[in-house]
>>> print(open('protein24.cif').read())   # mmCIF, N, CA and C atoms and all ligand atoms
data_protein
#
loop_
_atom_site.label_atom_id
_atom_site.label_comp_id
_atom_site.auth_asym_id
_atom_site.auth_seq_id
_atom_site.Cartn_x
_atom_site.Cartn_y
_atom_site.Cartn_z
N MET A 2 37.72 94.97 -112.41
CA MET A 2 37.84 95.90 -113.53
C MET A 2 39.32 96.06 -113.89
N VAL A 3 39.60 96.85 -114.93
CA VAL A 3 40.97 97.06 -115.37
C VAL A 3 41.71 97.74 -114.22
N LYS A 4 42.83 97.17 -113.79
CA LYS A 4 43.40 97.63 -112.53
C LYS A 4 44.47 98.71 -112.66
N ARG A 5 45.40 98.57 -113.58
CA ARG A 5 46.55 99.48 -113.58
C ARG A 5 46.31 100.72 -114.44
N SER A 6 46.25 101.89 -113.78
CA SER A 6 45.93 103.11 -114.50
C SER A 6 47.04 103.52 -115.46
N GLY A 7 48.28 103.08 -115.18
CA GLY A 7 49.38 103.39 -116.08
C GLY A 7 49.15 102.85 -117.49
N LYS A 8 48.36 101.82 -117.55
CA LYS A 8 48.10 101.21 -118.84
C LYS A 8 46.85 101.80 -119.51
N ALA A 9 46.14 102.62 -118.76
CA ALA A 9 44.85 103.11 -119.26
C ALA A 9 44.99 103.91 -120.54
N LYS A 10 46.01 104.78 -120.59
CA LYS A 10 46.17 105.62 -121.77
C LYS A 10 46.47 104.77 -123.00
N THR A 11 47.35 103.82 -122.80
CA THR A 11 47.68 102.93 -123.91
C THR A 11 46.43 102.19 -124.36
N MET A 12 45.66 101.74 -123.37
CA MET A 12 44.46 100.97 -123.70
C MET A 12 43.47 101.84 -124.46
N ARG A 13 43.34 103.09 -124.00
CA ARG A 13 42.41 104.01 -124.66
C ARG A 13 42.80 104.19 -126.13
N LYS A 14 44.11 104.28 -126.34
CA LYS A 14 44.58 104.45 -127.72
C LYS A 14 44.29 103.20 -128.54
N LEU A 15 44.54 102.06 -127.89
CA LEU A 15 44.38 100.80 -128.61
C LEU A 15 42.93 100.47 -128.88
N ILE A 16 42.09 100.68 -127.83
CA ILE A 16 40.72 100.22 -127.96
C ILE A 16 39.84 101.33 -128.53
N LYS A 17 40.03 101.63 -129.78
CA LYS A 17 39.07 102.45 -130.50
C LYS A 17 38.07 101.50 -131.13
N ALA A 18 38.59 100.35 -131.48
CA ALA A 18 37.74 99.24 -131.89
C ALA A 18 38.12 98.07 -130.98
N ILE A 19 37.14 97.24 -130.68
CA ILE A 19 37.42 96.10 -129.80
C ILE A 19 37.68 94.87 -130.66
N TRP A 20 38.88 94.38 -130.57
CA TRP A 20 39.24 93.16 -131.30
C TRP A 20 39.12 91.99 -130.33
N ILE A 21 38.36 91.02 -130.76
CA ILE A 21 37.93 89.96 -129.84
C ILE A 21 38.49 88.60 -130.26
N PHE A 22 38.95 87.88 -129.27
CA PHE A 22 39.21 86.45 -129.48
C PHE A 22 38.24 85.71 -128.57
N ASN A 23 37.61 84.66 -129.09
CA ASN A 23 36.63 83.97 -128.26
C ASN A 23 37.04 82.53 -127.95
N TRP A 24 36.70 82.15 -126.73
CA TRP A 24 36.92 80.76 -126.28
C TRP A 24 35.60 80.27 -125.73
N PHE A 25 34.91 79.45 -126.54
CA PHE A 25 33.56 79.04 -126.19
C PHE A 25 33.47 77.53 -126.08
N ASN A 26 32.90 77.09 -124.96
CA ASN A 26 32.64 75.65 -124.77
C ASN A 26 31.14 75.39 -124.88
N SER A 27 30.81 74.15 -125.07
CA SER A 27 29.41 73.70 -125.12
C SER A 27 28.60 74.60 -126.05
N CYS A 28 27.41 75.05 -125.62
CA CYS A 28 26.61 75.91 -126.50
C CYS A 28 27.01 77.37 -126.32
N GLY A 29 28.19 77.61 -125.74
CA GLY A 29 28.65 78.97 -125.49
C GLY A 29 28.66 79.86 -126.72
N PHE A 30 28.81 79.28 -127.89
CA PHE A 30 28.86 80.12 -129.09
C PHE A 30 27.51 80.80 -129.35
N ALA A 31 26.45 80.22 -128.74
CA ALA A 31 25.12 80.83 -128.86
C ALA A 31 25.13 82.25 -128.31
N GLU A 32 26.06 82.54 -127.40
CA GLU A 32 26.13 83.89 -126.81
C GLU A 32 26.47 84.93 -127.89
N LEU A 33 27.28 84.53 -128.85
CA LEU A 33 27.81 85.52 -129.80
C LEU A 33 27.10 85.51 -131.15
N VAL A 34 26.44 84.42 -131.47
CA VAL A 34 25.83 84.30 -132.80
C VAL A 34 24.93 85.48 -133.18
N PRO A 35 24.02 85.91 -132.28
CA PRO A 35 23.17 87.04 -132.68
C PRO A 35 23.96 88.31 -132.99
N LEU A 36 25.10 88.45 -132.33
CA LEU A 36 25.89 89.68 -132.51
C LEU A 36 26.61 89.74 -133.85
N VAL A 37 26.95 88.58 -134.38
CA VAL A 37 27.66 88.60 -135.66
C VAL A 37 26.68 88.62 -136.84
N GLY A 38 25.42 88.30 -136.58
CA GLY A 38 24.42 88.29 -137.64
C GLY A 38 24.02 89.70 -138.06
N SER A 39 23.20 89.76 -139.12
CA SER A 39 22.88 91.07 -139.71
C SER A 39 22.00 91.93 -138.81
N ARG A 40 21.23 91.31 -137.91
CA ARG A 40 20.34 92.14 -137.09
C ARG A 40 21.10 93.04 -136.12
N TRP A 41 22.11 92.47 -135.43
CA TRP A 41 22.85 93.25 -134.43
C TRP A 41 24.17 93.75 -134.99
N ASP A 42 24.79 92.97 -135.82
CA ASP A 42 25.98 93.37 -136.58
C ASP A 42 27.01 94.16 -135.78
N MET A 43 27.72 93.44 -134.90
CA MET A 43 28.63 94.14 -133.98
C MET A 43 29.79 94.85 -134.68
N GLU A 44 30.06 94.48 -135.92
CA GLU A 44 31.16 95.16 -136.63
C GLU A 44 30.86 96.64 -136.88
N ARG A 45 29.57 97.01 -136.81
CA ARG A 45 29.23 98.44 -136.92
C ARG A 45 29.91 99.25 -135.85
N PHE A 46 30.14 98.60 -134.67
CA PHE A 46 30.75 99.30 -133.54
C PHE A 46 32.24 98.99 -133.41
N GLY A 47 32.80 98.44 -134.44
CA GLY A 47 34.23 98.15 -134.42
C GLY A 47 34.58 96.90 -133.66
N MET A 48 33.58 96.08 -133.33
CA MET A 48 33.86 94.84 -132.60
C MET A 48 34.09 93.75 -133.62
N ILE A 49 35.34 93.29 -133.67
CA ILE A 49 35.73 92.35 -134.72
C ILE A 49 36.34 91.10 -134.09
N ILE A 50 35.95 89.95 -134.61
CA ILE A 50 36.57 88.69 -134.18
C ILE A 50 37.88 88.53 -134.93
N VAL A 51 38.95 88.29 -134.21
CA VAL A 51 40.24 88.09 -134.86
C VAL A 51 40.65 86.62 -134.75
N GLY A 52 41.54 86.23 -135.63
CA GLY A 52 41.88 84.81 -135.75
C GLY A 52 43.00 84.35 -134.84
N THR A 53 43.60 85.26 -134.09
CA THR A 53 44.68 84.88 -133.20
C THR A 53 44.64 85.73 -131.93
N PRO A 54 44.93 85.12 -130.79
CA PRO A 54 44.94 85.89 -129.54
C PRO A 54 45.97 87.02 -129.55
N ARG A 55 46.98 86.89 -130.37
CA ARG A 55 48.04 87.90 -130.40
C ARG A 55 47.55 89.24 -130.93
N HIS A 56 46.42 89.25 -131.63
CA HIS A 56 45.86 90.50 -132.15
C HIS A 56 44.71 91.01 -131.30
N ALA A 57 44.32 90.28 -130.27
CA ALA A 57 43.08 90.60 -129.56
C ALA A 57 43.30 91.51 -128.36
N ASP A 58 42.31 92.38 -128.10
CA ASP A 58 42.27 93.21 -126.89
C ASP A 58 41.42 92.55 -125.82
N VAL A 59 40.40 91.82 -126.28
CA VAL A 59 39.40 91.28 -125.37
C VAL A 59 39.26 89.77 -125.60
N LEU A 60 39.23 89.04 -124.48
CA LEU A 60 38.93 87.60 -124.56
C LEU A 60 37.49 87.41 -124.11
N PHE A 61 36.64 86.91 -125.00
CA PHE A 61 35.29 86.51 -124.65
C PHE A 61 35.35 85.04 -124.28
N ILE A 62 34.86 84.71 -123.09
CA ILE A 62 34.86 83.31 -122.69
C ILE A 62 33.44 82.91 -122.30
N ALA A 63 32.98 81.80 -122.84
CA ALA A 63 31.59 81.40 -122.60
C ALA A 63 31.48 79.89 -122.50
N GLY A 64 30.37 79.45 -121.92
CA GLY A 64 30.14 78.02 -121.72
C GLY A 64 30.82 77.55 -120.44
N TYR A 65 30.35 76.43 -119.91
CA TYR A 65 31.00 75.92 -118.70
C TYR A 65 32.43 75.51 -119.04
N GLN A 66 33.33 75.72 -118.09
CA GLN A 66 34.73 75.41 -118.32
C GLN A 66 35.14 74.21 -117.48
N THR A 67 35.91 73.35 -118.08
CA THR A 67 36.40 72.18 -117.35
C THR A 67 37.86 72.42 -116.96
N HIS A 68 38.37 71.55 -116.11
CA HIS A 68 39.78 71.68 -115.71
C HIS A 68 40.70 71.57 -116.93
N LYS A 69 40.24 70.80 -117.92
CA LYS A 69 41.05 70.65 -119.13
C LYS A 69 40.95 71.90 -120.02
N SER A 70 39.73 72.37 -120.25
CA SER A 70 39.56 73.50 -121.18
C SER A 70 40.11 74.80 -120.61
N ILE A 71 40.08 74.95 -119.30
CA ILE A 71 40.54 76.22 -118.73
C ILE A 71 42.05 76.38 -118.93
N GLU A 72 42.76 75.27 -119.02
CA GLU A 72 44.20 75.35 -119.31
C GLU A 72 44.43 75.95 -120.69
N ARG A 73 43.58 75.59 -121.66
CA ARG A 73 43.69 76.18 -123.01
C ARG A 73 43.35 77.67 -122.94
N ALA A 74 42.33 78.01 -122.16
CA ALA A 74 41.92 79.42 -122.04
C ALA A 74 43.06 80.25 -121.44
N LYS A 75 43.74 79.69 -120.44
CA LYS A 75 44.87 80.40 -119.82
C LYS A 75 46.00 80.61 -120.83
N ARG A 76 46.21 79.61 -121.64
CA ARG A 76 47.27 79.71 -122.66
C ARG A 76 46.92 80.80 -123.68
N ILE A 77 45.65 80.87 -124.07
CA ILE A 77 45.20 81.92 -124.99
C ILE A 77 45.42 83.29 -124.34
N TYR A 78 45.01 83.41 -123.08
CA TYR A 78 45.15 84.70 -122.37
C TYR A 78 46.62 85.13 -122.32
N GLU A 79 47.48 84.19 -122.04
CA GLU A 79 48.91 84.52 -121.96
C GLU A 79 49.47 85.02 -123.29
N GLN A 80 48.89 84.57 -124.38
CA GLN A 80 49.39 84.99 -125.70
C GLN A 80 48.90 86.37 -126.10
N MET A 81 47.89 86.88 -125.42
CA MET A 81 47.36 88.22 -125.75
C MET A 81 48.31 89.28 -125.22
N ALA A 82 48.48 90.34 -126.02
CA ALA A 82 49.36 91.43 -125.60
C ALA A 82 48.64 92.32 -124.59
N GLU A 83 49.40 92.93 -123.68
CA GLU A 83 48.84 93.94 -122.77
C GLU A 83 48.57 95.20 -123.56
N PRO A 84 47.58 95.99 -123.20
CA PRO A 84 46.56 95.73 -122.19
C PRO A 84 45.45 94.85 -122.74
N LYS A 85 44.85 94.05 -121.86
CA LYS A 85 43.85 93.09 -122.31
C LYS A 85 42.80 92.91 -121.22
N VAL A 86 41.61 92.53 -121.65
CA VAL A 86 40.54 92.29 -120.69
C VAL A 86 39.84 90.97 -121.00
N VAL A 87 39.20 90.44 -119.97
CA VAL A 87 38.45 89.19 -120.12
C VAL A 87 36.98 89.45 -119.79
N ILE A 88 36.10 89.07 -120.69
CA ILE A 88 34.67 89.20 -120.44
C ILE A 88 34.06 87.81 -120.44
N ALA A 89 33.40 87.46 -119.32
CA ALA A 89 32.75 86.15 -119.20
C ALA A 89 31.29 86.29 -119.58
N LEU A 90 30.86 85.48 -120.54
CA LEU A 90 29.50 85.55 -121.05
C LEU A 90 28.67 84.37 -120.56
N GLY A 91 27.55 84.67 -119.96
CA GLY A 91 26.58 83.62 -119.66
C GLY A 91 26.74 82.97 -118.31
N SER A 92 25.66 82.38 -117.87
CA SER A 92 25.60 81.80 -116.53
C SER A 92 26.53 80.61 -116.35
N CYS A 93 26.70 79.80 -117.38
CA CYS A 93 27.56 78.62 -117.25
C CYS A 93 28.99 79.00 -116.92
N THR A 94 29.44 80.07 -117.52
CA THR A 94 30.82 80.51 -117.29
C THR A 94 31.01 80.93 -115.84
N MET A 95 29.95 81.48 -115.25
CA MET A 95 30.07 81.96 -113.88
C MET A 95 29.95 80.86 -112.85
N THR A 96 29.08 79.89 -113.12
CA THR A 96 28.73 78.94 -112.06
C THR A 96 28.95 77.48 -112.43
N GLY A 97 29.26 77.23 -113.68
CA GLY A 97 29.32 75.83 -114.13
C GLY A 97 28.00 75.39 -114.75
N GLY A 98 26.98 76.24 -114.61
CA GLY A 98 25.68 75.97 -115.24
C GLY A 98 25.11 74.61 -114.86
N MET A 99 24.57 73.92 -115.85
CA MET A 99 23.89 72.65 -115.55
C MET A 99 24.88 71.57 -115.11
N TYR A 100 26.17 71.81 -115.32
CA TYR A 100 27.18 70.83 -114.88
C TYR A 100 27.91 71.29 -113.63
N TRP A 101 27.26 72.15 -112.85
CA TRP A 101 27.92 72.75 -111.70
C TRP A 101 28.44 71.72 -110.71
N ASP A 102 27.76 70.55 -110.61
CA ASP A 102 28.18 69.56 -109.61
C ASP A 102 29.07 68.47 -110.19
N SER A 103 29.55 68.69 -111.43
CA SER A 103 30.45 67.71 -112.00
C SER A 103 31.85 67.84 -111.39
N TYR A 104 32.51 66.74 -111.22
CA TYR A 104 33.87 66.77 -110.65
C TYR A 104 34.82 67.57 -111.52
N ASN A 105 34.48 67.70 -112.81
CA ASN A 105 35.44 68.28 -113.75
C ASN A 105 35.12 69.72 -114.14
N THR A 106 34.06 70.28 -113.61
CA THR A 106 33.66 71.64 -113.99
C THR A 106 34.21 72.63 -112.97
N ILE A 107 34.81 73.71 -113.47
CA ILE A 107 35.29 74.72 -112.53
C ILE A 107 34.11 75.59 -112.09
N LYS A 108 34.19 76.08 -110.87
CA LYS A 108 33.04 76.83 -110.30
C LYS A 108 33.29 78.33 -110.27
N LYS A 109 34.56 78.73 -110.29
CA LYS A 109 34.85 80.15 -110.12
C LYS A 109 35.96 80.54 -111.09
N LEU A 110 35.55 81.19 -112.18
CA LEU A 110 36.49 81.54 -113.24
C LEU A 110 37.61 82.46 -112.75
N ASP A 111 37.26 83.31 -111.78
CA ASP A 111 38.23 84.26 -111.23
C ASP A 111 39.47 83.58 -110.65
N ASP A 112 39.33 82.33 -110.25
CA ASP A 112 40.48 81.60 -109.69
C ASP A 112 41.50 81.26 -110.77
N TYR A 113 41.09 81.38 -112.04
CA TYR A 113 41.96 80.96 -113.14
C TYR A 113 42.37 82.12 -114.05
N LEU A 114 41.45 83.07 -114.23
CA LEU A 114 41.72 84.20 -115.13
C LEU A 114 41.24 85.49 -114.47
N PRO A 115 41.92 86.62 -114.73
CA PRO A 115 41.46 87.89 -114.16
C PRO A 115 40.26 88.44 -114.94
N VAL A 116 39.07 88.06 -114.54
CA VAL A 116 37.86 88.44 -115.28
C VAL A 116 37.55 89.92 -115.03
N THR A 117 37.39 90.67 -116.10
CA THR A 117 37.09 92.09 -116.00
C THR A 117 35.59 92.30 -115.79
N MET A 118 34.80 91.49 -116.45
CA MET A 118 33.36 91.70 -116.39
C MET A 118 32.61 90.39 -116.63
N TYR A 119 31.55 90.19 -115.84
CA TYR A 119 30.66 89.05 -116.05
C TYR A 119 29.34 89.54 -116.64
N ILE A 120 28.84 88.86 -117.65
CA ILE A 120 27.53 89.21 -118.20
C ILE A 120 26.62 88.02 -118.00
N PRO A 121 25.61 88.15 -117.11
CA PRO A 121 24.73 87.01 -116.85
C PRO A 121 23.73 86.79 -117.97
N GLY A 122 23.09 85.62 -117.93
CA GLY A 122 22.04 85.30 -118.91
C GLY A 122 22.29 83.94 -119.52
N CYS A 123 21.27 83.41 -120.13
CA CYS A 123 21.39 82.09 -120.77
C CYS A 123 20.61 82.08 -122.08
N PRO A 124 21.22 82.57 -123.17
CA PRO A 124 22.47 83.36 -123.19
C PRO A 124 22.18 84.82 -122.88
N PRO A 125 23.24 85.63 -122.64
CA PRO A 125 23.01 87.06 -122.41
C PRO A 125 22.40 87.72 -123.64
N ARG A 126 21.61 88.74 -123.41
CA ARG A 126 21.05 89.49 -124.54
C ARG A 126 22.16 90.26 -125.27
N PRO A 127 22.04 90.41 -126.58
CA PRO A 127 23.05 91.20 -127.31
C PRO A 127 23.23 92.61 -126.72
N GLU A 128 22.13 93.21 -126.25
CA GLU A 128 22.23 94.57 -125.67
C GLU A 128 23.17 94.56 -124.46
N ALA A 129 23.13 93.46 -123.68
CA ALA A 129 23.98 93.37 -122.49
C ALA A 129 25.45 93.29 -122.89
N VAL A 130 25.74 92.60 -123.98
CA VAL A 130 27.13 92.50 -124.43
C VAL A 130 27.62 93.87 -124.92
N PHE A 131 26.76 94.56 -125.67
CA PHE A 131 27.13 95.90 -126.14
C PHE A 131 27.37 96.84 -124.94
N GLU A 132 26.49 96.72 -123.94
CA GLU A 132 26.61 97.59 -122.77
C GLU A 132 27.92 97.31 -122.03
N ALA A 133 28.29 96.03 -121.94
CA ALA A 133 29.54 95.67 -121.27
C ALA A 133 30.73 96.29 -121.99
N CYS A 134 30.72 96.24 -123.31
CA CYS A 134 31.84 96.81 -124.08
C CYS A 134 31.87 98.32 -123.89
N GLU A 135 30.71 98.95 -123.83
CA GLU A 135 30.65 100.39 -123.60
C GLU A 135 31.21 100.73 -122.22
N LYS A 136 30.90 99.89 -121.22
CA LYS A 136 31.40 100.12 -119.86
C LYS A 136 32.92 100.03 -119.81
N ILE A 137 33.47 99.15 -120.63
CA ILE A 137 34.93 99.05 -120.67
C ILE A 137 35.53 100.36 -121.17
N PHE A 138 34.96 100.91 -122.24
CA PHE A 138 35.43 102.21 -122.74
C PHE A 138 35.34 103.27 -121.63
N GLU A 139 34.17 103.30 -120.94
CA GLU A 139 33.95 104.31 -119.89
C GLU A 139 34.95 104.15 -118.77
N HIS A 140 35.19 102.90 -118.37
CA HIS A 140 36.09 102.65 -117.26
C HIS A 140 37.52 103.07 -117.59
N VAL A 141 37.93 102.77 -118.80
CA VAL A 141 39.28 103.16 -119.23
C VAL A 141 39.40 104.68 -119.23
N LYS A 142 38.34 105.36 -119.64
CA LYS A 142 38.33 106.83 -119.65
C LYS A 142 38.46 107.37 -118.23
N GLU A 143 37.74 106.74 -117.29
CA GLU A 143 37.81 107.18 -115.87
C GLU A 143 39.22 107.06 -115.33
N LEU A 144 39.94 106.04 -115.77
CA LEU A 144 41.29 105.81 -115.25
C LEU A 144 42.30 106.82 -115.75
N GLU A 145 41.97 107.49 -116.85
CA GLU A 145 42.94 108.42 -117.44
C GLU A 145 43.13 109.65 -116.56
S1 LIG B 201 24.60 80.09 -120.38
FE1 LIG B 201 23.04 79.01 -121.62
S2 LIG B 201 23.62 79.42 -123.74
FE2 LIG B 201 25.41 79.88 -122.48
S3 LIG B 201 26.61 77.99 -122.46
FE3 LIG B 201 25.25 77.94 -120.67
S4 LIG B 201 23.43 76.80 -121.33
FE4 LIG B 201 24.55 77.46 -123.18
#
>>> encode(input="protein24.cif", output="structure tokens", more="lines below")
Ligand code: SF4
Amino acid sequence: MVKRSGKAKTMRKLIKAIWIFNWFNSCGFAELVPLVGSRWDMERFGMIIVGTPRHADVLFIAGYQTHKSIERAKRIYEQMAEPKVVIALGSCTMTGGMYWDSYNTIKKLDDYLPVTMYIPGCPPRPEAVFEACEKIFEHVKELE
């Protein structure tokens, strides 16, 4: 979870709306498609996809990650301003999914990025993604 309480107040101020940058491999984009559509419409809750990591509070990462792609993900994370969180979406991101035994698939995202929250599923339900974002708000409030 978010570790440094000194940053909690700043984060609380910043995260009135969640600005998201996404890094999706393979069919990972399937995780987010229902949320941007009219049925779930995440923008109602202030969750907005931004075009640059420099504007983002949250990094959504989905799909299995390779040794090559994770380097790009790390670079994106480094460009995000503090305070920032990482949410891993879907089973592939956690375990490598169907490519778990490939020489090139990473098995543990935590070894590369400080993951704040994992959301399981293939793909995760939109309700689970909303709940995760709500938990981030709650956790930041607890730290204050
Ligand atoms: S968890 Fe499912 S939907 Fe997500 S990237 Fe893996 S196979 Fe695709």
>>> atom_distance(input="protein24.cif", atom1="atom N of Trp20 in chain A", atom2="atom N of Asp111 in chain A")
21.9 Å
>>> closest_residue(input="protein24.cif", among="A:Gln80, A:Thr117, A:Thr106, A:Thr94", to="ligand LIG 201 (chain B)", atoms="all atoms listed in the file")
A:Thr94
>>> residues_near_ligand(input="protein24.cif", ligand="ligand LIG 201 (chain B)", cutoff="7 Å", atoms="only C-alpha atoms and all ligand atoms", output="PyMOL selection string")
chain A and resi 26-29+31-32+63-65+91-94+98+122-124
>>> atom_distance(input="protein24.cif", atom1="atom N of Ala74 in chain A", atom2="CA of Thr96 in chain A")
17.0 Å
>>> closest_residue(input="protein24.cif", among="A:Val86, A:Ile71, A:Ile137, A:Val59", to="Tyr113 in chain A", atoms="all atoms listed in the file")
A:Ile71
>>> select_by_dssp(input="protein24.cif", residues="range 10-98 of chain A", states="strand (DSSP E or B)", output="MDAnalysis selection string")
chainID A and resid 20:25 49:50 59:63 67 86:90
>>> select_by_dssp(input="protein24.cif", residues="range 16-128 of chain A", states="helix (DSSP H, G or I)", output="count of residues only")
43
>>> closest_residue(input="protein24.cif", among="A:Phe22, A:Phe61, A:Phe138, A:Tyr78", to="Ile49 in chain A", atoms="all atoms listed in the file")
A:Phe22
>>> atom_distance(input="protein24.cif", atom1="atom C of Pro127 in chain A", atom2="CA of Leu36 in chain A")
7.0 Å
>>> closest_residue(input="protein24.cif", among="A:Ala57, A:Asn23, A:Pro35, A:His68", to="Asn105 in chain A", atoms="all atoms listed in the file")
A:His68
>>> closest_residue(input="protein24.cif", among="A:Leu60, A:Ile107, A:Met43, A:Ile50", to="Val87 in chain A", atoms="only C-alpha atoms")
A:Leu60
>>> residues_around(input="protein24.cif", residues="Ala82 in chain A", least_positions_apart="6", cutoff="8 Å", atoms="only C-alpha atoms", output="ChimeraX atom specification")
/A:55-58
>>> closest_residue(input="protein24.cif", among="A:Leu33, A:Leu114, A:Cys134, A:Ala18", to="Glu79 in chain A", atoms="only C-alpha atoms")
A:Leu114
